[in-house]
Amino acid sequence: NINLEIKAGIIEEGRIQDIDWCSILANLLDNAIEACKKVEGKRKIDVRIENRSFGIMLYMENSCSELMIGNNGRLITSKKNIGEHGIGLQSINYALEKYEGKIVYEYKNDFFRVNVALYK
């Protein structure tokens, strides 16, 4: 019961390796689905991928009932076994380093938003 909307333009093939796309998209979508499962009422995930003159922008927004951010600005897992989690965000950051990419996230009005920039 999650409303999923994906809008993507034509992305230049080969610029970003497939394994890095998988790492970024799969982990972000997995986290978004997990957050939506905890929401009572309307659940949604919106994804946009756009070509820009400087590279590729990925925007993702999902319903979210709570978000925990530590003193260092990093996300804190709500999962019980902390030692086995957080690998997804590390994988995303590793892929972003390869393209000098940036990730910015915010929690506002019961929505979690992620903006990812992958530079040429």
# chains A, B, ... in the order shown; residues from 1 in each chain; ligands from 1
>>> residues_around(residues="Lys102 (chain A)", least_positions_apart="3", cutoff="12 Å", atoms="only C-alpha atoms", output="count of residues only")
21
>>> select_by_dssp(residues="chain A", states="strand (DSSP E)", output="PyMOL selection string")
chain A and resi 3-8+44-52+55-63+102-108+111-119
>>> atom_distance(atom1="CA of Ile49 (chain A)", atom2="CA of Ile11 (chain A)")
8.3 Å
>>> residues_around(residues="Ser65 (chain A)", least_positions_apart="3", cutoff="10 Å", atoms="only C-alpha atoms", output="MDAnalysis selection string")
chainID A and resid 35:40 62 107 109:112
>>> write_last_selection(atoms="N, CA and C atoms", output="short mmCIF file (atom, residue, chain, number, x, y, z; two decimals), in the first residue's frame")
data_model
loop_
_atom_site.label_atom_id
_atom_site.label_comp_id
_atom_site.auth_asym_id
_atom_site.auth_seq_id
_atom_site.Cartn_x
_atom_site.Cartn_y
_atom_site.Cartn_z
N ALA A 35 10.74 2.88 5.74
CA ALA A 35 10.16 4.03 6.46
C ALA A 35 8.65 4.10 6.23
N CYS A 36 8.21 3.85 5.00
CA CYS A 36 6.78 3.91 4.69
C CYS A 36 5.99 2.86 5.45
N LYS A 37 6.57 1.70 5.67
CA LYS A 37 5.88 0.64 6.39
C LYS A 37 5.50 1.05 7.81
N LYS A 38 6.23 2.00 8.37
CA LYS A 38 5.98 2.45 9.74
C LYS A 38 4.95 3.58 9.82
N VAL A 39 4.50 4.07 8.66
CA VAL A 39 3.59 5.21 8.61
C VAL A 39 2.14 4.73 8.64
N GLU A 40 1.35 5.36 9.46
CA GLU A 40 -0.09 5.13 9.48
C GLU A 40 -0.70 6.08 8.45
N ASN A 62 9.93 10.39 0.59
CA ASN A 62 9.03 9.34 1.07
C ASN A 62 8.37 9.75 2.39
N TYR A 107 14.41 16.02 6.92
CA TYR A 107 13.13 15.51 7.39
C TYR A 107 12.27 16.70 7.74
N ASN A 109 7.90 17.92 7.85
CA ASN A 109 6.47 17.70 7.63
C ASN A 109 6.14 16.25 7.28
N ASP A 110 6.70 15.31 8.03
CA ASP A 110 6.45 13.87 7.86
C ASP A 110 6.93 13.31 6.53
N PHE A 111 7.92 13.96 5.94
CA PHE A 111 8.54 13.45 4.71
C PHE A 111 10.06 13.50 4.85
N PHE A 112 10.68 12.45 4.35
CA PHE A 112 12.13 12.37 4.28
C PHE A 112 12.52 12.64 2.83
#
>>> closest_residue(among="A:Glu106, A:Ile87, A:Asn1, A:Arg15", to="Asn51 (chain A)", atoms="only C-alpha atoms")
A:Arg15
>>> atom_distance(atom1="CA of Ile19 (chain A)", atom2="CA of Lys120 (chain A)")
17.0 Å
>>> closest_residue(among="A:Gly41, A:Gly14, A:Gly9, A:Gly88", to="Leu29 (chain A)", atoms="only C-alpha atoms")
A:Gly88
>>> atom_distance(atom1="CA of Ala32 (chain A)", atom2="CA of Ile16 (chain A)")
22.1 Å
